[in-house]
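Heads up, final-v1.txt below (compact mmCIF, C-alpha atoms):
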# COMPACT_ATOMS: atom_id res chain seq x y z
CA MET A 1 76.64 -17.83 -21.66
CA ILE A 2 73.58 -15.67 -22.41
CA HIS A 3 75.19 -14.09 -25.48
CA GLU A 4 76.33 -17.42 -26.90
CA LEU A 5 72.87 -18.89 -26.29
CA LEU A 6 71.17 -15.96 -28.01
CA GLY A 7 73.65 -16.24 -30.88
CA LYS A 8 72.82 -19.95 -31.05
CA LYS A 9 76.44 -20.88 -30.62
CA LYS A 10 75.34 -22.89 -27.58
CA ARG A 11 72.19 -24.88 -26.88
CA ILE A 12 69.79 -25.32 -23.99
CA SER A 13 68.65 -28.81 -23.08
CA VAL A 14 65.49 -29.68 -21.15
CA ILE A 15 65.47 -33.12 -19.56
CA GLY A 16 61.96 -34.43 -18.87
CA LEU A 17 59.19 -33.23 -21.21
CA GLY A 18 56.12 -33.60 -19.04
CA TYR A 19 53.64 -30.89 -18.06
CA VAL A 20 56.57 -28.84 -16.66
CA GLY A 21 59.42 -29.52 -19.08
CA LEU A 22 57.63 -29.21 -22.41
CA PRO A 23 56.29 -25.65 -21.91
CA ILE A 24 59.75 -24.56 -20.76
CA ALA A 25 61.44 -26.19 -23.74
CA LEU A 26 59.04 -24.64 -26.25
CA GLU A 27 59.22 -21.19 -24.69
CA PHE A 28 63.02 -21.20 -24.76
CA ALA A 29 62.95 -22.61 -28.31
CA ARG A 30 61.38 -19.37 -29.55
CA LYS A 31 64.65 -17.56 -28.78
CA PHE A 32 67.30 -20.26 -28.43
CA SER A 33 68.31 -23.60 -29.93
CA VAL A 34 66.88 -26.26 -27.65
CA THR A 35 67.28 -30.00 -27.21
CA GLY A 36 64.21 -31.58 -25.62
CA PHE A 37 65.03 -34.96 -24.05
CA ASP A 38 62.71 -37.62 -22.65
CA ILE A 39 63.28 -41.32 -22.02
CA LYS A 40 59.86 -42.29 -23.41
CA GLU A 41 60.18 -42.67 -27.17
CA GLU A 42 56.41 -42.62 -27.76
CA ARG A 43 56.23 -39.18 -26.13
CA ILE A 44 59.09 -37.97 -28.32
CA GLU A 45 57.30 -39.17 -31.46
CA SER A 46 54.12 -37.35 -30.40
CA MET A 47 56.00 -34.10 -29.83
CA LYS A 48 57.77 -34.40 -33.18
CA ASN A 49 54.24 -34.30 -34.62
CA SER A 50 53.33 -31.21 -32.56
CA ILE A 51 51.23 -33.21 -30.11
CA ASP A 52 51.51 -32.65 -26.37
CA PRO A 53 51.04 -36.05 -24.68
CA SER A 54 49.82 -34.24 -21.54
CA ARG A 55 47.18 -32.41 -23.61
CA GLU A 56 48.06 -29.09 -22.00
CA LEU A 57 49.35 -27.39 -25.17
CA ASP A 58 47.85 -27.20 -28.65
CA SER A 59 49.71 -27.70 -31.92
CA GLU A 60 50.16 -23.93 -32.35
CA SER A 61 52.49 -23.92 -29.35
CA PHE A 62 55.05 -25.91 -31.36
CA LYS A 63 55.21 -23.48 -34.28
CA GLY A 64 58.29 -21.31 -34.74
CA CYS A 65 60.34 -23.31 -32.26
CA ASP A 66 64.00 -24.25 -32.82
CA ILE A 67 63.88 -27.57 -30.97
CA LEU A 68 65.22 -31.08 -31.39
CA PHE A 69 63.10 -33.73 -29.68
CA THR A 70 65.17 -36.78 -28.79
CA SER A 71 65.45 -39.83 -26.55
CA ASP A 72 69.15 -40.24 -27.37
CA PRO A 73 71.31 -39.10 -24.39
CA SER A 74 74.27 -38.40 -26.68
CA ASP A 75 72.37 -35.43 -28.12
CA LEU A 76 72.71 -33.70 -24.74
CA LYS A 77 76.44 -33.29 -25.31
CA LYS A 78 75.67 -30.51 -27.79
CA ALA A 79 74.00 -28.44 -25.05
CA SER A 80 75.66 -26.22 -22.44
CA PHE A 81 72.73 -25.07 -20.31
CA HIS A 82 70.85 -28.08 -18.96
CA ILE A 83 67.44 -27.83 -17.27
CA ILE A 84 66.24 -30.91 -15.36
CA ALA A 85 62.46 -31.08 -14.95
CA VAL A 86 61.68 -34.68 -14.03
CA PRO A 87 59.07 -35.91 -11.53
CA THR A 88 59.90 -36.21 -7.83
CA PRO A 89 57.26 -38.62 -6.49
CA ILE A 90 56.94 -40.49 -3.22
CA ASN A 91 57.08 -44.26 -2.75
CA GLU A 92 54.55 -46.59 -1.12
CA HIS A 93 55.91 -45.60 2.31
CA LYS A 94 55.32 -41.91 1.52
CA LEU A 95 59.03 -41.19 1.43
CA PRO A 96 60.79 -39.20 -1.31
CA ASP A 97 61.58 -41.25 -4.41
CA LEU A 98 64.57 -39.57 -6.01
CA THR A 99 65.06 -42.28 -8.64
CA PRO A 100 63.99 -40.14 -11.66
CA LEU A 101 66.07 -37.21 -10.37
CA MET A 102 69.19 -39.31 -9.81
CA LYS A 103 68.88 -40.99 -13.20
CA ALA A 104 68.46 -37.61 -14.89
CA SER A 105 71.53 -36.35 -13.02
CA GLU A 106 73.50 -39.37 -14.23
CA THR A 107 72.40 -38.76 -17.82
CA VAL A 108 73.33 -35.07 -17.71
CA GLY A 109 76.56 -35.83 -15.84
CA LYS A 110 77.73 -38.02 -18.71
CA ALA A 111 77.15 -35.12 -21.12
CA LEU A 112 78.71 -32.35 -19.00
CA LYS A 113 81.57 -30.23 -20.33
CA LYS A 114 83.67 -27.54 -18.71
CA GLY A 115 81.71 -24.29 -18.54
CA ASP A 116 78.28 -25.96 -18.56
CA TYR A 117 75.35 -25.07 -16.32
CA VAL A 118 72.82 -27.45 -14.74
CA ILE A 119 69.55 -26.06 -13.37
CA TYR A 120 67.10 -28.19 -11.42
CA GLU A 121 63.36 -27.41 -11.55
CA SER A 122 62.07 -30.55 -9.80
CA THR A 123 60.56 -30.00 -6.34
CA VAL A 124 62.83 -31.36 -3.59
CA TYR A 125 63.61 -30.84 0.10
CA PRO A 126 66.13 -28.15 1.08
CA GLY A 127 69.66 -29.45 0.54
CA CYS A 128 68.81 -32.08 -2.07
CA THR A 129 70.45 -30.30 -5.01
CA GLU A 130 73.76 -29.80 -3.23
CA ASP A 131 73.84 -32.96 -1.11
CA ASP A 132 72.33 -35.52 -3.50
CA CYS A 133 72.45 -34.23 -7.08
CA ILE A 134 75.78 -32.44 -7.42
CA PRO A 135 77.84 -35.45 -6.24
CA VAL A 136 76.21 -37.51 -9.01
CA LEU A 137 77.06 -34.85 -11.60
CA GLU A 138 80.68 -34.80 -10.41
CA LYS A 139 80.98 -38.58 -10.38
CA MET A 140 79.54 -39.10 -13.85
CA SER A 141 81.41 -36.19 -15.48
CA GLY A 142 84.74 -36.35 -13.68
CA LEU A 143 84.44 -32.58 -13.31
CA THR A 144 84.50 -30.40 -10.21
CA HIS A 145 81.48 -28.34 -9.17
CA LYS A 146 81.97 -24.54 -9.26
CA LYS A 147 85.43 -24.92 -10.81
CA ASP A 148 84.33 -26.73 -14.00
CA PHE A 149 80.54 -26.37 -14.05
CA LYS A 150 77.85 -24.37 -12.24
CA VAL A 151 74.55 -25.47 -10.72
CA GLY A 152 71.33 -23.64 -9.89
CA PHE A 153 67.80 -24.32 -8.74
CA SER A 154 64.72 -22.66 -10.22
CA PRO A 155 61.52 -24.37 -8.99
CA GLU A 156 58.66 -24.99 -11.40
CA ARG A 157 55.42 -23.16 -10.64
CA ILE A 158 53.22 -24.36 -13.49
CA ASN A 159 49.60 -25.04 -12.57
CA PRO A 160 48.13 -27.77 -14.84
CA GLY A 161 44.88 -26.77 -16.52
CA ASP A 162 45.35 -23.09 -15.66
CA ARG A 163 45.14 -20.95 -18.81
CA GLU A 164 45.70 -17.70 -16.91
CA HIS A 165 48.76 -18.38 -14.73
CA THR A 166 50.99 -19.79 -17.44
CA LEU A 167 54.79 -20.17 -17.42
CA THR A 168 55.68 -16.67 -18.63
CA LYS A 169 53.16 -14.93 -16.36
CA ILE A 170 54.43 -16.37 -13.06
CA VAL A 171 57.42 -14.80 -11.28
CA LYS A 172 60.36 -17.22 -11.57
CA VAL A 173 62.44 -17.91 -8.48
CA VAL A 174 66.08 -18.49 -9.44
CA SER A 175 69.19 -19.38 -7.48
CA GLY A 176 72.79 -20.30 -8.16
CA CYS A 177 75.82 -21.85 -6.49
CA ASP A 178 77.56 -18.46 -6.50
CA ASN A 179 76.87 -14.86 -7.54
CA GLU A 180 78.10 -15.36 -11.09
CA SER A 181 75.86 -18.36 -11.69
CA LEU A 182 72.88 -16.59 -10.08
CA GLU A 183 73.16 -13.68 -12.51
CA THR A 184 73.71 -15.93 -15.52
CA ILE A 185 70.72 -18.15 -14.68
CA ALA A 186 68.55 -15.09 -13.96
CA SER A 187 69.50 -13.51 -17.29
CA VAL A 188 68.58 -16.66 -19.23
CA TYR A 189 65.18 -17.07 -17.59
CA ASP A 190 64.52 -13.34 -17.80
CA THR A 191 64.41 -13.62 -21.60
CA ILE A 192 61.15 -15.62 -21.46
CA ILE A 193 59.50 -14.75 -18.12
CA GLU A 194 57.30 -11.67 -18.56
CA ALA A 195 56.54 -11.47 -14.83
CA GLY A 196 60.24 -11.22 -14.00
CA VAL A 197 62.59 -13.25 -11.82
CA HIS A 198 63.22 -13.31 -8.09
CA ARG A 199 66.82 -13.96 -7.07
CA ALA A 200 66.93 -16.22 -4.01
CA SER A 201 69.97 -15.85 -1.77
CA SER A 202 70.88 -19.54 -2.00
CA ILE A 203 69.85 -22.83 -3.58
CA LYS A 204 68.49 -24.04 -0.23
CA VAL A 205 66.26 -20.96 0.09
CA ALA A 206 64.83 -21.56 -3.39
CA GLU A 207 64.23 -25.25 -2.61
CA ALA A 208 62.50 -24.37 0.66
CA ALA A 209 60.37 -21.65 -0.96
CA LYS A 210 58.97 -24.13 -3.46
CA VAL A 211 58.25 -26.94 -1.03
CA ILE A 212 56.33 -24.67 1.36
CA GLU A 213 54.10 -23.24 -1.39
CA ASN A 214 52.19 -26.49 -1.78
CA THR A 215 52.55 -27.43 1.88
CA GLN A 216 50.74 -24.22 2.81
CA ARG A 217 47.87 -25.07 0.47
CA ASP A 218 47.76 -28.62 1.79
CA ILE A 219 47.39 -27.47 5.39
CA ASN A 220 44.68 -24.93 4.54
CA ILE A 221 42.67 -27.49 2.57
CA ALA A 222 43.07 -29.98 5.43
CA PHE A 223 41.51 -27.41 7.76
CA MET A 224 38.57 -27.07 5.37
CA ASN A 225 38.20 -30.85 5.20
CA GLU A 226 38.19 -31.10 8.97
CA LEU A 227 35.55 -28.38 9.14
CA SER A 228 33.49 -30.32 6.60
CA ILE A 229 33.58 -33.43 8.79
CA ILE A 230 32.55 -31.40 11.84
CA PHE A 231 29.76 -29.50 10.07
CA ASN A 232 28.42 -32.70 8.50
CA LYS A 233 27.86 -34.06 12.00
CA MET A 234 26.00 -30.83 12.81
CA ASN A 235 23.93 -31.02 9.61
CA ILE A 236 25.38 -27.71 8.35
CA ASN A 237 26.44 -27.17 4.73
CA THR A 238 30.16 -26.31 4.72
CA TYR A 239 30.02 -24.26 1.52
CA GLU A 240 27.27 -22.06 2.94
CA VAL A 241 29.43 -21.48 6.02
CA LEU A 242 32.41 -20.55 3.83
CA GLU A 243 30.30 -18.18 1.74
CA ALA A 244 29.21 -16.37 4.89
CA ALA A 245 32.70 -16.27 6.41
CA GLY A 246 34.14 -15.17 3.07
CA THR A 247 32.37 -11.83 3.30
CA LYS A 248 35.19 -10.69 5.60
CA TRP A 249 38.05 -9.12 3.63
CA ASN A 250 40.86 -11.16 5.20
CA PHE A 251 39.21 -14.58 5.23
CA LEU A 252 41.32 -17.05 3.22
CA ARG A 253 39.34 -18.73 0.45
CA PHE A 254 40.06 -22.44 0.59
CA PHE A 255 37.56 -25.25 0.09
CA PRO A 256 37.25 -28.91 1.10
CA GLY A 257 38.00 -31.67 -1.40
CA LEU A 258 40.21 -34.55 -2.45
CA VAL A 259 43.89 -33.59 -2.47
CA GLY A 260 45.88 -35.69 -4.91
CA GLY A 261 48.21 -35.13 -7.83
CA HIS A 262 51.98 -34.84 -7.93
CA CYS A 263 52.34 -31.52 -6.06
CA ILE A 264 50.09 -30.70 -3.11
CA GLY A 265 49.64 -34.35 -2.14
CA VAL A 266 53.37 -35.10 -2.46
CA ASP A 267 55.55 -32.08 -1.66
CA PRO A 268 54.74 -31.94 2.09
CA TYR A 269 56.24 -35.42 2.48
CA TYR A 270 59.57 -34.08 1.17
CA LEU A 271 59.58 -31.45 3.91
CA THR A 272 58.54 -33.83 6.70
CA TYR A 273 61.22 -36.28 5.54
CA LYS A 274 63.92 -33.65 5.85
CA ALA A 275 62.52 -32.43 9.17
CA LYS A 276 62.75 -35.97 10.57
CA GLN A 277 66.34 -36.24 9.31
CA ILE A 278 67.30 -33.23 11.42
CA GLY A 279 65.42 -34.50 14.47
CA TYR A 280 62.08 -32.69 14.30
CA HIS A 281 58.62 -34.21 13.98
CA ALA A 282 56.48 -31.88 11.85
CA GLN A 283 53.16 -31.99 13.70
CA ILE A 284 50.92 -29.62 11.72
CA ILE A 285 52.16 -30.79 8.32
CA ASN A 286 51.72 -34.47 9.21
CA SER A 287 48.27 -33.84 10.68
CA GLY A 288 47.18 -32.05 7.52
CA ARG A 289 48.48 -34.91 5.38
CA PHE A 290 46.61 -37.47 7.50
CA ILE A 291 43.32 -35.61 7.08
CA ASN A 292 43.70 -35.10 3.34
CA ASP A 293 44.88 -38.65 2.70
CA SER A 294 41.81 -40.00 4.52
CA MET A 295 39.19 -37.97 2.61
CA GLY A 296 38.70 -40.53 -0.16
CA GLY A 297 37.73 -43.14 2.39
CA TYR A 298 35.52 -40.62 4.18
CA VAL A 299 33.57 -39.80 0.99
CA ALA A 300 33.08 -43.51 0.26
CA LYS A 301 31.83 -44.19 3.80
CA GLN A 302 29.36 -41.30 3.56
CA THR A 303 28.13 -42.68 0.24
CA VAL A 304 27.54 -46.12 1.78
CA LYS A 305 25.67 -44.53 4.69
CA LYS A 306 23.36 -42.69 2.27
CA ILE A 307 22.75 -45.91 0.31
CA LEU A 308 21.75 -47.68 3.53
CA ALA A 309 19.57 -44.75 4.61
CA ALA A 310 17.70 -45.06 1.29
CA ASP A 311 16.81 -48.68 2.15
CA LYS A 312 19.08 -50.01 -0.59
CA GLU A 313 21.27 -53.08 -0.35
CA VAL A 314 24.90 -52.01 -0.46
CA LYS A 315 26.31 -55.09 -2.22
CA ASN A 316 23.80 -54.80 -5.05
CA ALA A 317 24.07 -51.02 -5.38
CA ARG A 318 25.14 -49.48 -8.68
CA VAL A 319 27.49 -46.53 -8.31
CA LEU A 320 28.75 -44.04 -10.91
CA ILE A 321 31.92 -42.03 -10.31
CA MET A 322 32.28 -38.98 -12.57
CA GLY A 323 35.91 -37.92 -12.85
CA ILE A 324 39.15 -39.78 -12.10
CA THR A 325 41.86 -37.17 -12.82
CA PHE A 326 43.54 -35.52 -9.85
CA LYS A 327 41.97 -32.13 -10.67
CA GLU A 328 39.54 -30.52 -13.07
CA ASN A 329 40.13 -30.09 -16.81
CA VAL A 330 43.40 -32.04 -16.98
CA SER A 331 44.24 -35.56 -18.18
CA ASP A 332 46.70 -36.36 -15.39
CA ILE A 333 45.60 -39.27 -13.17
CA ARG A 334 48.74 -39.55 -11.04
CA ASN A 335 48.03 -39.89 -7.32
CA SER A 336 44.32 -39.30 -7.85
CA LYS A 337 42.43 -39.63 -4.59
CA VAL A 338 39.33 -40.60 -6.55
CA ALA A 339 40.94 -44.02 -6.73
CA ASP A 340 40.74 -44.13 -2.92
CA VAL A 341 36.99 -43.55 -3.17
CA TYR A 342 36.70 -46.41 -5.68
CA ASN A 343 38.79 -48.82 -3.61
CA GLU A 344 36.93 -48.03 -0.41
CA LEU A 345 33.60 -48.70 -2.12
CA VAL A 346 34.97 -52.03 -3.34
CA SER A 347 35.97 -52.88 0.25
CA PHE A 348 32.30 -52.51 1.24
CA GLY A 349 31.42 -55.20 -1.28
CA ILE A 350 30.05 -52.96 -4.01
CA LYS A 351 30.74 -54.71 -7.31
CA GLN A 352 28.99 -52.46 -9.83
CA ILE A 353 31.05 -49.27 -9.98
CA ASP A 354 31.27 -47.36 -13.26
CA VAL A 355 33.90 -44.65 -13.76
CA VAL A 356 33.78 -42.03 -16.53
CA ASP A 357 36.02 -39.08 -17.33
CA PRO A 358 36.21 -36.92 -20.50
CA TYR A 359 39.95 -36.32 -20.08
CA ALA A 360 41.53 -39.47 -18.64
CA SER A 361 43.05 -42.20 -20.79
CA PRO A 362 41.29 -45.55 -20.14
CA ASP A 363 44.57 -47.41 -20.78
CA GLU A 364 46.43 -45.26 -18.25
CA VAL A 365 43.67 -45.73 -15.67
CA MET A 366 43.78 -49.50 -16.17
CA GLU A 367 47.56 -49.57 -15.86
CA GLU A 368 47.67 -47.27 -12.83
CA TYR A 369 44.62 -48.38 -10.83
CA GLY A 370 43.53 -51.72 -12.27
CA PHE A 371 39.96 -50.93 -13.31
CA ARG A 372 38.41 -50.20 -16.67
CA MET A 373 36.55 -46.98 -17.39
CA LYS A 374 33.23 -46.70 -19.20
CA ASP A 375 32.83 -44.67 -22.39
CA LYS A 376 29.68 -43.03 -21.03
CA PRO A 377 27.33 -43.36 -18.04
CA GLY A 378 24.58 -45.96 -18.02
CA GLU A 379 21.31 -45.72 -16.12
CA GLY A 380 19.72 -46.97 -12.92
CA TYR A 381 22.48 -45.84 -10.55
CA ASP A 382 21.73 -45.90 -6.85
CA ALA A 383 24.45 -43.32 -6.19
CA ILE A 384 26.40 -40.89 -8.34
CA ILE A 385 29.63 -39.34 -7.10
CA VAL A 386 30.74 -36.22 -8.99
CA ALA A 387 34.36 -36.34 -7.90
CA VAL A 388 36.00 -33.83 -10.25
CA ASN A 389 34.46 -30.55 -11.36
CA HIS A 390 35.36 -30.79 -15.05
CA ARG A 391 33.90 -28.04 -17.22
CA GLU A 392 31.72 -30.68 -18.91
CA TYR A 393 29.99 -31.33 -15.58
CA ILE A 394 29.53 -27.78 -14.31
CA ASP A 395 26.24 -27.01 -16.10
CA LEU A 396 24.53 -30.37 -15.62
CA LYS A 397 21.00 -30.06 -14.20
CA GLY A 398 18.98 -32.08 -11.77
CA ASP A 399 16.98 -33.63 -14.61
CA TYR A 400 20.16 -35.18 -16.01
CA PHE A 401 20.93 -36.96 -12.75
CA ARG A 402 17.33 -38.01 -12.19
CA LYS A 403 17.35 -39.63 -15.63
CA ILE A 404 20.31 -41.90 -14.86
CA THR A 405 19.50 -42.73 -11.23
CA ALA A 406 17.16 -45.32 -9.78
CA SER A 407 14.34 -44.27 -7.44
CA ASN A 408 15.61 -42.59 -4.28
CA GLY A 409 18.90 -41.90 -6.02
CA ILE A 410 21.81 -40.23 -4.24
CA LEU A 411 24.05 -37.49 -5.63
CA ILE A 412 27.39 -37.01 -3.88
CA ASP A 413 28.74 -33.63 -5.00
CA ILE A 414 32.29 -33.53 -3.60
CA LYS A 415 33.11 -30.00 -4.77
CA GLY A 416 29.65 -28.57 -4.08
CA ILE A 417 29.18 -27.36 -7.65
CA TYR A 418 25.41 -28.02 -7.75
CA ARG A 419 24.50 -26.71 -4.30
CA ASN A 420 22.80 -23.59 -5.64
CA SER A 421 20.89 -25.26 -8.47
CA VAL A 422 17.19 -24.35 -8.48
CA ASN A 423 14.73 -27.17 -7.71
CA PHE A 424 17.62 -29.60 -7.63
CA ILE A 425 16.85 -31.51 -4.46
CA ASP A 426 13.59 -33.41 -4.13
CA ASN A 427 12.28 -36.73 -2.88
CA ASN A 428 13.61 -38.57 -5.93
CA LEU A 429 17.20 -37.39 -5.61
CA PHE A 430 19.06 -37.01 -2.32
CA TYR A 431 21.93 -34.50 -2.35
CA TRP A 432 25.09 -34.41 -0.22
CA SER A 433 28.35 -32.49 -0.50
CA LEU A 434 31.44 -31.97 1.62

Can I see the file as structure tokens?
Amino acid sequence: MIHELLGKKKRISVIGLGYVGLPIALEFARKFSVTGFDIKEERIESMKNSIDPSRELDSESFKGCDILFTSDPSDLKKASFHIIAVPTPINEHKLPDLTPLMKASETVGKALKKGDYVIYESTVYPGCTEDDCIPVLEKMSGLTHKKDFKVGFSPERINPGDREHTLTKIVKVVSGCDNESLETIASVYDTIIEAGVHRASSIKVAEAAKVIENTQRDINIAFMNELSIIFNKMNINTYEVLEAAGTKWNFLRFFPGLVGGHCIGVDPYYLTYKAKQIGYHAQIINSGRFINDSMGGYVAKQTVKKILAADKEVKNARVLIMGITFKENVSDIRNSKVADVYNELVSFGIKQIDVVDPYASPDEVMEEYGFRMKDKPGEGYDAIIVAVNHREYIDLKGDYFRKITASNGILIDIKGIYRNSVNFIDNNLFYWSL
């Protein structure tokens, strides 16, 4: 397989060209012939013009790549090494939604030939690849797993917005359905991954390794959020406590905040779902999820309390929210917990809420959350919530906020980015952070 791929006698296909799939497709396309497939035709047209719809990659990233961008499933029949990198979200009941994964499996299954490989990169619970995906591949192709085609799992580890820990610089976990497939899959990925590959002993081990990476972060951040709630009641600044505790060499550096997005805020639910299936209630994981899912409402309630303490009428208050993406310096708004802050403020009767963000698409925000963003902040705000620490916000000074706030204005600094600013807090601007 590896020799025929390198000789361009066979092609690689990447199904799903989002923030995970596109970098993989382009990196492979520097050495192999690649078919990049996505069901959204407008995304395909953008990529044909060297534009990344996720705004993670610049036009230079497309140069020198042997890649066919397509939304036509029949083009997948020309490929022999298929990589599936579609989203694995949760539904409104916080249960795994495997719809995109199953549809991608159906599409690839229809294109499968004898001797082909299928590698899943989408985050799932242990057992999903073998119990849920492979039967679909067999049904749609009429082929038999292991005898006619091989399957592996190599979890994505891309961190959106991170220019240091990019695809090629992160160790790639790989697994296969047998020893032969493990070595073949490892050899293919090894051609592009500078940091090397780690061979997991089984597909289930690789699935479990991925799902606990983000679950671990989720639990640690939940602990920080709980500390923030406790210290707020004691009138202690959480970030000052963490700075002091962080002077010990083995103290883990996590910070409080809103936990959204399509990874940390989602992956733990895949693990708790599987745990429940096998008869175990995951207590720590579920507790961490409860805390993190409630932080948007907590921030909104604290904002309302500060508005009342400033002798302002809540219903007539003007509030500005700066940042709507799920994390800093990215355009992705999926599962943003800033929306929880907005909705909770609305539930208190606040009607004048402006939202700005230098990265988010106003159309996507309207479609996803049902409110319209502002092009730029206005003036006379009773409260400002800096919800996302975009680079554009990092160096803002107290004078900037004083200029756009009413008298006795309130600054809610969720990430604590202004806590050390000189002469920032005075009688005209009240400051609060997690």

Per-residue nearest contacts of range 260-351 of chain A to range 358-366 of chain A (10 Å; all atoms listed in the file) as JSON lines:
{"residue": "A:Met322", "atom": "CA", "partner": "A:Pro358", "partner_atom": "CA", "distance": 9.1}
{"residue": "A:Gly323", "atom": "CA", "partner": "A:Pro358", "partner_atom": "CA", "distance": 7.7}
{"residue": "A:Ile324", "atom": "CA", "partner": "A:Ala360", "partner_atom": "CA", "distance": 7.0}
{"residue": "A:Thr325", "atom": "CA", "partner": "A:Ala360", "partner_atom": "CA", "distance": 6.3}
{"residue": "A:Phe326", "atom": "CA", "partner": "A:Ala360", "partner_atom": "CA", "distance": 9.8}
{"residue": "A:Glu328", "atom": "CA", "partner": "A:Tyr359", "partner_atom": "CA", "distance": 9.1}
{"residue": "A:Asn329", "atom": "CA", "partner": "A:Tyr359", "partner_atom": "CA", "distance": 7.0}
{"residue": "A:Val330", "atom": "CA", "partner": "A:Tyr359", "partner_atom": "CA", "distance": 6.3}
{"residue": "A:Ser331", "atom": "CA", "partner": "A:Tyr359", "partner_atom": "CA", "distance": 4.8}
{"residue": "A:Asp332", "atom": "CA", "partner": "A:Ala360", "partner_atom": "CA", "distance": 6.9}
{"residue": "A:Ile333", "atom": "CA", "partner": "A:Ala360", "partner_atom": "CA", "distance": 6.8}
{"residue": "A:Arg334", "atom": "CA", "partner": "A:Val365", "partner_atom": "CA", "distance": 9.2}
{"residue": "A:Ala339", "atom": "CA", "partner": "A:Val365", "partner_atom": "CA", "distance": 9.5}

Legend entry - Surrounding residues of range 156-169 of chain A excluding itself and chain neighbours under 4 positions, 9 Å, all atoms listed in the file, as a list of chain:residue names: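 Once the nearby chain positions are removed, what remains is A:Tyr19, A:Val20, A:Gly21, A:Pro23, A:Ile24, A:Glu27, A:Glu56, A:Ala85, A:Glu121, A:Ser122, A:Thr123, A:Val173, A:Ile192, A:Ile193, A:Glu194, A:Ala195, A:Gly196, A:Lys210, A:Lys327, A:Glu328, A:Asn329, A:Val330, A:Ser331, A:Asp332.
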
Legend entry - Gly416 in chain A environment, 12 Å, all atoms listed in the file, sequence neighbours closer than 5 positions dropped, as a count of residues only: 23

Using all atoms of range 367-379 of chain A that appear in the file, construct an axis-aligned enclosing box with 6 Å of padding on every side and provide its centre coordinates and edge lengths in Å, rounded to one decimal, as AutoDock Vina command-line options.
--center_x 34.5 --center_y -47.4 --center_z -16.6 --size_x 38.4 --size_y 20.7 --size_z 23.6

For Val108 in chain A: contacts at 10 Å, all atoms listed in the file, fewer than 6 positions along chain excluded, given as an mmCIF file with C-alpha atoms, in the coordinates of the input:
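As a result, around.cif now contains:
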data_model
loop_
_atom_site.group_PDB
_atom_site.id
_atom_site.type_symbol
_atom_site.label_atom_id
_atom_site.label_comp_id
_atom_site.auth_asym_id
_atom_site.auth_seq_id
_atom_site.Cartn_x
_atom_site.Cartn_y
_atom_site.Cartn_z
ATOM 1 C CA SER A 13 68.650 -28.810 -23.080
ATOM 2 C CA ILE A 15 65.470 -33.120 -19.560
ATOM 3 C CA PRO A 73 71.310 -39.100 -24.390
ATOM 4 C CA SER A 74 74.270 -38.400 -26.680
ATOM 5 C CA LEU A 76 72.710 -33.700 -24.740
ATOM 6 C CA LYS A 77 76.440 -33.290 -25.310
ATOM 7 C CA ALA A 79 74.000 -28.440 -25.050
ATOM 8 C CA HIS A 82 70.850 -28.080 -18.960
ATOM 9 C CA ILE A 83 67.440 -27.830 -17.270
ATOM 10 C CA ILE A 84 66.240 -30.910 -15.360
ATOM 11 C CA MET A 102 69.190 -39.310 -9.810
ATOM 12 C CA VAL A 118 72.820 -27.450 -14.740
ATOM 13 C CA VAL A 136 76.210 -37.510 -9.010
ATOM 14 C CA LEU A 137 77.060 -34.850 -11.600
ATOM 15 C CA MET A 140 79.540 -39.100 -13.850
ATOM 16 C CA SER A 141 81.410 -36.190 -15.480
#

Legend entry - Of the listed residues A:Leu429, A:Gln302, A:Gly260, A:Gly288, that which approaches Lys233 in chain A most closely, counting all atoms listed in the file: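 For Lys233 in chain A, the nearest of the given residues is A:Gln302.
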